[in-house]
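Visitor: Attaching a single structure in structure tokens format; questions to follow.
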Amino acid sequence: MTSTAPAPDRLVGNAGALVVGRLAVAAFAWAGTLLIVRTLPAEEFGRFALLFSVLGMLSIITDMGIGRAAVAGVLGNPDRAGPFVGSYVVLRSLLGVVGYAVALGFVAIGTYPIEVIEAMAVAALAVVFATPAHALGIVFQAQLRLRTVAVSGAVAQCAQFALTAAIAAAGGSVLWFVVPAVVGEMINLAIVAARAHRLMPIRYRPDVREWLVLLREAVPLSIGTAFATLTYRIDSVMLSQLDTFRAVGHYNVASKLPDLVRFGSTAVSTPMLTILVSSFPDQPEAFRTALRRAGTLLTVLGVGAFVGTALYATDAIGLLYGREYVDADRATAVLMAAQVMAFATSMAFTVLAATAHHRVYPLVAAGGLLTNVGVNIVAIPYWSFEGAAAATLLTEVVVLIPLALLVRRIPHVRPFPAPPFGRATLTGVLTFGLGAALAATPLPWAAGAALAGVFFVVVARWSGALDVDDLRGLR
């Protein structure tokens with residue numbers, strides 16, 4: 001069956017909606033984290049950070065890579081979209097329950113204090129509610145109606161922040177601070193489910209045959225995603241075993257700025273996947289246009305984020321988290337560099353998944369995991385959380401190179417619609433020079449950062465690093 005690819009303009013429009021929604025989510029989440037950091041001692045915050053690092057690894061079980069295969073299933077058979085989505089949500093919900101049991105078992109058999117086990121018993125409930133909500137997201141992704149996802153996430157995170165603030169005012173503990181995450185996921189599920197049922201007649205019935213087809217199709221993605229998730233989440237676990245909970249807390253602070261821009265790859269690759277699946281192999285021009293726009297947006301975002309971090313990480317961490325955490329500034333810069341490389345990795349992976357060229361991905365992801373674990377074993381005892389950050393950057397290099405070589409072999413990619421890497425890099429260099437010059441003046445660093453940010457956007461637009469059509473789509 002040949003489907004009509006959504007207009008490439010809708011990639012930027014939907015990405016823009018996700019960007020705005022994710023910014024709102026990030027703002028509330030960040031504000032909540034600040035309250036928690038300033039309420040809990042460093043050791044206790046390390047325990048809190050460890051809990052959610054472990055929960056982050058559960059997507060190995062709760063997703064298994066079948067989300068991407070499910071999008072193709074909805075697009076390929078629109079007449080059975082409702083029953084298909086219902087069966088898929090049931091499967092994901094069951095996987096969420098399995099994930100809860102695994103999370104609780106992990107801390108129970110580990111060498112963790114009873115307070116960590118009790119907090120995990122509550123925190124892991126967030127996974128039970130989040131899994132069906134994420135599964136229902138394919139309704140909006142397939143129809144490129146991602147504004148609902150953005151609004152729902154922002155509303156849920158706002159409620160989570162309000163509850164976090166109340167608990168902080170009462171002088172909360174690790175156990176109490178995990179409750180808002182559960183409440184936020186419950187609210188998100190309620191909103192997403194109500195809206196999804198307005199768009200599609202969903203019937204929640206298990207279909208084992210469809211489950212087997214999905215799982216079989218997603219096996220390479222599942223294995224590869226499992227390795228990749230472990231790669232990005234295992235650092236905190238290894239720090240808790242090879243170092244201290246204080247080191248876990250500092251590493252979590254160092255990852256906050258990179259996490260703030262990580263949404264960029266999700267916001268762009270989510271609608272990009274839909275367009276690539278729909279346009280491959282019959283509409284090569286739409287395929288290449290989607291790649292060009294995605295590459296342009298992520299290049300500009302990545303360069304700007306790295307320059308800003310290199311200039312202002314120390315001041316920003318001191319202001320937001322307190323002087324106790326300011327020594328995480330170098331690790332923050334290294335993790336931001338890794339995140340910029342992860343943008344390219346995300347694009348490459350999305351292209352491979354959309355064109356069914358992902359069979360080798362598990363081997364690449366396994367190589368990344370082995371690299372990360374091996375470097376961490378050596379680096380953490382010597383350099384603590386800074387060693388973990390360096391391991392993450394090296395891992396991104398190891399993963400990106402083979403993925404890029406695989407993408408080059410796909411016919412629709414050649415000639416690759418290369419985004420303006422040179423112009424974006426030049427913009428970044430000029431902005432760094434301006435920021436360094438402003439730092440030598442009595443001007444407050446926040447004012448200098450604002451001026452540098454405006455300068456970066458203006459020069460990016462003037463140099464052509466940002467295309468006018470992309471700006472219109474985002475607006």
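Letters A, B, ... go to the chains of the structure tokens in the order shown; residues in each chain start at 1; ligands are counted from 1 in the same order.
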Give one line per residue of segment 377-411 of chain A that approaches segment 359-364 of chain A to at most 9 Å, naming the two atoms of the closest pair and their distance in Å to one decimal, counting only C-alpha atoms; sort by chain then ascending residue number and deliver it as a tab-separated table.

Guide:
```
residue	atom	partner	partner_atom	distance
A:Val398	CA	A:Val364	CA	8.2
A:Val399	CA	A:Val364	CA	6.0
A:Leu400	CA	A:Val364	CA	8.7
A:Pro402	CA	A:Val364	CA	7.0
A:Leu403	CA	A:Val364	CA	7.5
A:Leu406	CA	A:Val360	CA	8.7
```

Visitor: Mind dumping the selected residues with C-alpha atoms as a short mmCIF file (atom, residue, chain, number, x, y, z; two decimals), in the first residue's frame?

Guide:
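Okay, part28.cif is ready:
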```
data_model
loop_
_atom_site.label_atom_id
_atom_site.label_comp_id
_atom_site.auth_asym_id
_atom_site.auth_seq_id
_atom_site.Cartn_x
_atom_site.Cartn_y
_atom_site.Cartn_z
CA VAL A 398 31.77 5.03 18.80
CA VAL A 399 28.04 4.77 18.02
CA LEU A 400 27.71 7.63 15.52
CA PRO A 402 29.00 3.20 12.03
CA LEU A 403 25.43 4.56 11.98
CA LEU A 406 24.98 2.77 7.27
#
```

Visitor: What does the distance between atom CA of Ala390 of chain A and atom CA of Gly46 of chain A come to in Å, to one decimal place?

Guide: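 Separating atom CA of Ala390 of chain A from atom CA of Gly46 of chain A is a distance of 19.7 Å.
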
Visitor: Please return, as a VMD selection string, all residues of segment 78-223 of chain A that DSSP assigns to alpha helix (DSSP H) on the basis of the backbone.

Guide: chain A and resid 81 to 109 114 to 123 125 to 142 147 to 169 174 to 177 179 to 199 208 to 223

Visitor: Those same residues, written as a compact mmCIF listing (two decimals), in the first residue's frame with C-alpha atoms?

Guide:
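Once written, out00.txt looks like this:
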```txt
# COMPACT_ATOMS: atom_id res chain seq x y z
CA ALA A 81 -6.25 1.49 13.13
CA GLY A 82 -8.63 1.54 16.13
CA PRO A 83 -8.41 -2.16 17.02
CA PHE A 84 -4.67 -2.15 16.30
CA VAL A 85 -4.05 0.76 18.67
CA GLY A 86 -6.21 -0.85 21.37
CA SER A 87 -4.30 -4.12 21.18
CA TYR A 88 -1.00 -2.24 21.20
CA VAL A 89 -1.97 -0.25 24.32
CA VAL A 90 -2.92 -3.45 26.13
CA LEU A 91 0.46 -4.96 25.28
CA ARG A 92 2.35 -1.87 26.46
CA SER A 93 0.31 -1.73 29.67
CA LEU A 94 1.28 -5.30 30.50
CA LEU A 95 4.90 -4.43 29.82
CA GLY A 96 4.53 -1.50 32.21
CA VAL A 97 3.49 -3.83 35.02
CA VAL A 98 6.47 -6.06 34.26
CA GLY A 99 8.68 -2.98 34.38
CA TYR A 100 7.39 -2.10 37.84
CA ALA A 101 8.28 -5.55 39.13
CA VAL A 102 11.76 -5.36 37.59
CA ALA A 103 12.46 -1.93 39.12
CA LEU A 104 11.44 -3.09 42.58
CA GLY A 105 13.44 -6.29 42.23
CA PHE A 106 16.53 -4.37 41.10
CA VAL A 107 16.80 -2.28 44.25
CA ALA A 108 15.65 -5.16 46.47
CA ILE A 109 18.48 -7.48 45.46
CA ILE A 114 15.66 0.27 52.84
CA GLU A 115 14.75 3.93 52.21
CA VAL A 116 15.68 3.50 48.56
CA ILE A 117 13.58 0.35 48.24
CA GLU A 118 10.53 2.01 49.82
CA ALA A 119 10.85 5.05 47.57
CA MET A 120 11.18 2.83 44.49
CA ALA A 121 7.97 1.00 45.38
CA VAL A 122 6.17 4.34 45.01
CA ALA A 123 8.21 5.92 42.20
CA LEU A 125 4.12 3.42 39.80
CA ALA A 126 4.86 6.30 37.43
CA VAL A 127 5.98 3.72 34.87
CA VAL A 128 2.68 1.83 35.17
CA PHE A 129 0.73 4.98 34.22
CA ALA A 130 3.24 6.41 31.76
CA THR A 131 3.44 3.30 29.58
CA PRO A 132 -0.17 3.30 28.26
CA ALA A 133 -0.01 7.09 27.86
CA HIS A 134 3.07 6.77 25.65
CA ALA A 135 1.41 3.94 23.74
CA LEU A 136 -1.60 6.15 22.95
CA GLY A 137 0.87 8.67 21.54
CA ILE A 138 0.99 6.74 18.25
CA VAL A 139 -2.55 8.01 17.53
CA PHE A 140 -1.26 11.58 17.50
CA GLN A 141 2.05 10.71 15.87
CA ALA A 142 0.46 8.86 12.96
CA ARG A 147 0.07 19.46 19.90
CA THR A 148 -2.13 17.35 22.15
CA VAL A 149 0.93 15.48 23.40
CA ALA A 150 2.72 18.77 24.04
CA VAL A 151 -0.18 20.34 25.95
CA SER A 152 -0.90 17.21 27.98
CA GLY A 153 2.72 16.89 29.06
CA ALA A 154 2.88 20.55 30.06
CA VAL A 155 -0.32 20.38 32.12
CA ALA A 156 0.80 17.21 33.90
CA GLN A 157 4.23 18.67 34.66
CA CYS A 158 2.66 21.84 36.01
CA ALA A 159 0.57 19.80 38.45
CA GLN A 160 3.66 17.78 39.38
CA PHE A 161 5.59 20.97 40.14
CA ALA A 162 2.78 22.38 42.30
CA LEU A 163 2.74 19.22 44.40
CA THR A 164 6.56 19.21 44.60
CA ALA A 165 6.51 22.80 45.84
CA ALA A 166 4.00 21.90 48.55
CA ILE A 167 6.12 18.96 49.70
CA ALA A 168 9.28 21.11 49.69
CA ALA A 169 7.54 23.73 51.83
CA VAL A 174 13.02 11.27 49.20
CA LEU A 175 9.91 9.12 49.66
CA TRP A 176 7.54 12.08 49.49
CA PHE A 177 9.33 13.73 46.58
CA VAL A 179 4.89 11.05 44.71
CA PRO A 180 4.45 14.05 42.35
CA ALA A 181 5.91 12.06 39.44
CA VAL A 182 3.22 9.40 39.90
CA VAL A 183 0.45 12.01 40.08
CA GLY A 184 1.78 13.77 36.98
CA GLU A 185 1.73 10.56 34.93
CA MET A 186 -1.84 9.83 36.06
CA ILE A 187 -2.96 13.27 34.84
CA ASN A 188 -1.11 12.87 31.54
CA LEU A 189 -2.76 9.47 30.92
CA ALA A 190 -6.24 10.87 31.60
CA ILE A 191 -5.80 13.76 29.13
CA VAL A 192 -4.18 11.71 26.37
CA ALA A 193 -6.73 8.88 26.62
CA ALA A 194 -9.70 11.26 26.42
CA ARG A 195 -8.33 13.03 23.35
CA ALA A 196 -7.23 9.83 21.59
CA HIS A 197 -10.74 8.41 21.82
CA ARG A 198 -12.08 11.51 20.06
CA LEU A 199 -9.74 10.94 17.13
CA VAL A 208 -1.68 -12.14 20.44
CA ARG A 209 -1.10 -12.49 16.70
CA GLU A 210 -0.55 -8.77 16.29
CA TRP A 211 1.66 -8.76 19.37
CA LEU A 212 3.86 -11.46 17.86
CA VAL A 213 4.08 -9.57 14.56
CA LEU A 214 5.02 -6.36 16.37
CA LEU A 215 7.58 -8.05 18.57
CA ARG A 216 9.12 -9.96 15.65
CA GLU A 217 9.35 -6.79 13.55
CA ALA A 218 10.82 -4.87 16.45
CA VAL A 219 13.38 -7.46 17.56
CA PRO A 220 16.40 -5.59 16.13
CA LEU A 221 15.02 -2.29 17.44
CA SER A 222 14.24 -3.86 20.80
CA ILE A 223 17.72 -5.26 21.28
```

Visitor: Show me, as JSON lines, the residues of segment 396-443 of chain A having an atom within 9 Å of segment 309-332 of chain A, each with the closest atom pair and its distance in Å, using only C-alpha atoms.

Guide:
```
{"residue": "A:Phe432", "atom": "CA", "partner": "A:Leu311", "partner_atom": "CA", "distance": 7.1}
{"residue": "A:Gly435", "atom": "CA", "partner": "A:Leu311", "partner_atom": "CA", "distance": 6.7}
{"residue": "A:Ala436", "atom": "CA", "partner": "A:Leu311", "partner_atom": "CA", "distance": 7.2}
{"residue": "A:Ala439", "atom": "CA", "partner": "A:Leu311", "partner_atom": "CA", "distance": 8.7}
```

Visitor: Which residues come within 7 Å of segment 367-372 of chain A, counting only C-alpha atoms, excluding same-chain residues fewer than 5 positions away, as a PDB file with N, CA and C atoms, in the first residue's frame?

Guide:
```
ATOM      1  N   PHE A 227      20.210  -1.847  24.485  1.00  0.00           N
ATOM      2  CA  PHE A 227      21.625  -1.497  24.668  1.00  0.00           C
ATOM      3  C   PHE A 227      21.805   0.014  24.782  1.00  0.00           C
ATOM      4  N   ALA A 228      21.100   0.772  23.919  1.00  0.00           N
ATOM      5  CA  ALA A 228      21.246   2.225  23.930  1.00  0.00           C
ATOM      6  C   ALA A 228      20.738   2.823  25.246  1.00  0.00           C
ATOM      7  N   LEU A 230      20.529   1.355  28.188  1.00  0.00           N
ATOM      8  CA  LEU A 230      21.504   1.032  29.237  1.00  0.00           C
ATOM      9  C   LEU A 230      22.731   1.942  29.139  1.00  0.00           C
ATOM     10  N   THR A 231      23.140   2.212  27.905  1.00  0.00           N
ATOM     11  CA  THR A 231      24.320   3.062  27.713  1.00  0.00           C
ATOM     12  C   THR A 231      24.118   4.440  28.331  1.00  0.00           C
ATOM     13  N   ALA A 391      33.186   9.251  29.480  1.00  0.00           N
ATOM     14  CA  ALA A 391      32.784   7.966  28.912  1.00  0.00           C
ATOM     15  C   ALA A 391      31.574   8.131  27.995  1.00  0.00           C
ATOM     16  N   THR A 392      30.653   9.000  28.384  1.00  0.00           N
ATOM     17  CA  THR A 392      29.465   9.250  27.555  1.00  0.00           C
ATOM     18  C   THR A 392      29.845   9.869  26.218  1.00  0.00           C
ATOM     19  N   THR A 395      31.494   7.317  23.983  1.00  0.00           N
ATOM     20  CA  THR A 395      30.490   6.364  23.508  1.00  0.00           C
ATOM     21  C   THR A 395      29.726   6.921  22.323  1.00  0.00           C
ATOM     22  N   VAL A 398      31.733   6.433  19.212  1.00  0.00           N
ATOM     23  CA  VAL A 398      31.769   5.032  18.804  1.00  0.00           C
ATOM     24  C   VAL A 398      30.464   4.619  18.122  1.00  0.00           C
ATOM     25  N   VAL A 399      29.336   5.145  18.585  1.00  0.00           N
ATOM     26  CA  VAL A 399      28.036   4.771  18.022  1.00  0.00           C
ATOM     27  C   VAL A 399      27.753   5.517  16.726  1.00  0.00           C
TER      28      VAL A 399
END
```

Visitor: Dump as CSV the rows for residues of segment 291-395 of chain A within 10 Å of segment 456-462 of chain A: closest atom pair and distance in Å with one decimal, only C-alpha atoms counted, ordered by chain and rising residue number.

Guide:
```
residue,atom,partner,partner_atom,distance
A:Val300,CA,A:Ala460,CA,7.7
A:Val303,CA,A:Phe456,CA,9.7
A:Gly304,CA,A:Phe456,CA,7.2
A:Val307,CA,A:Phe456,CA,9.6
A:Gly308,CA,A:Phe456,CA,9.9
```

Visitor: Between atom CA of Val334 of chain A and atom CA of Ala254 of chain A, what is the spacing in Å?

Guide: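 Distance between the two atoms: 9.1 Å.
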
Visitor: Name the closest residue to Ser173 of chain A among the candidates A:Leu352, A:Leu40, A:Ala404, A:Val25; distances are taken between atoms, counting only C-alpha atoms.

Guide: A:Leu40

Visitor: Taking only C-alpha atoms into account, which of A:Thr441, A:Thr62, A:Asn376, A:Gln339 comes nearest Asp259 of chain A?

Guide: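 Closest candidate: A:Gln339.
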
Visitor: Residues of segment 342-366 of chain A that have any atom at most 12 Å from an atom of segment 291-295 of chain A: could you tabulate them with the shortest-distance atom pair and the distance in Å to one decimal, using only C-alpha atoms, ordered by chain and increasing number, as CSV?

Guide:
```
residue,atom,partner,partner_atom,distance
A:Phe343,CA,A:Gly295,CA,8.7
A:Ala344,CA,A:Gly295,CA,7.9
A:Thr345,CA,A:Gly295,CA,11.2
A:Ser346,CA,A:Gly295,CA,10.5
A:Met347,CA,A:Gly295,CA,7.7
A:Ala348,CA,A:Leu291,CA,9.9
A:Thr350,CA,A:Leu291,CA,10.1
A:Val351,CA,A:Leu291,CA,8.6
A:Ala354,CA,A:Leu291,CA,11.8
```

Visitor: Which residue is closest to Ile36 of chain A? Choose from A:Gly171, A:Gly448, A:Gly374, A:Pro381 and count only C-alpha atoms.

Guide: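 Looking at the shortest contact to Ile36 of chain A, the residue is A:Gly171.
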
Visitor: Quick one: pull the distance between atom CA of Pro41 of chain A and atom CA of Val373 of chain A, Å, one decimal.

Guide: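 So the answer is 28.3 Å.
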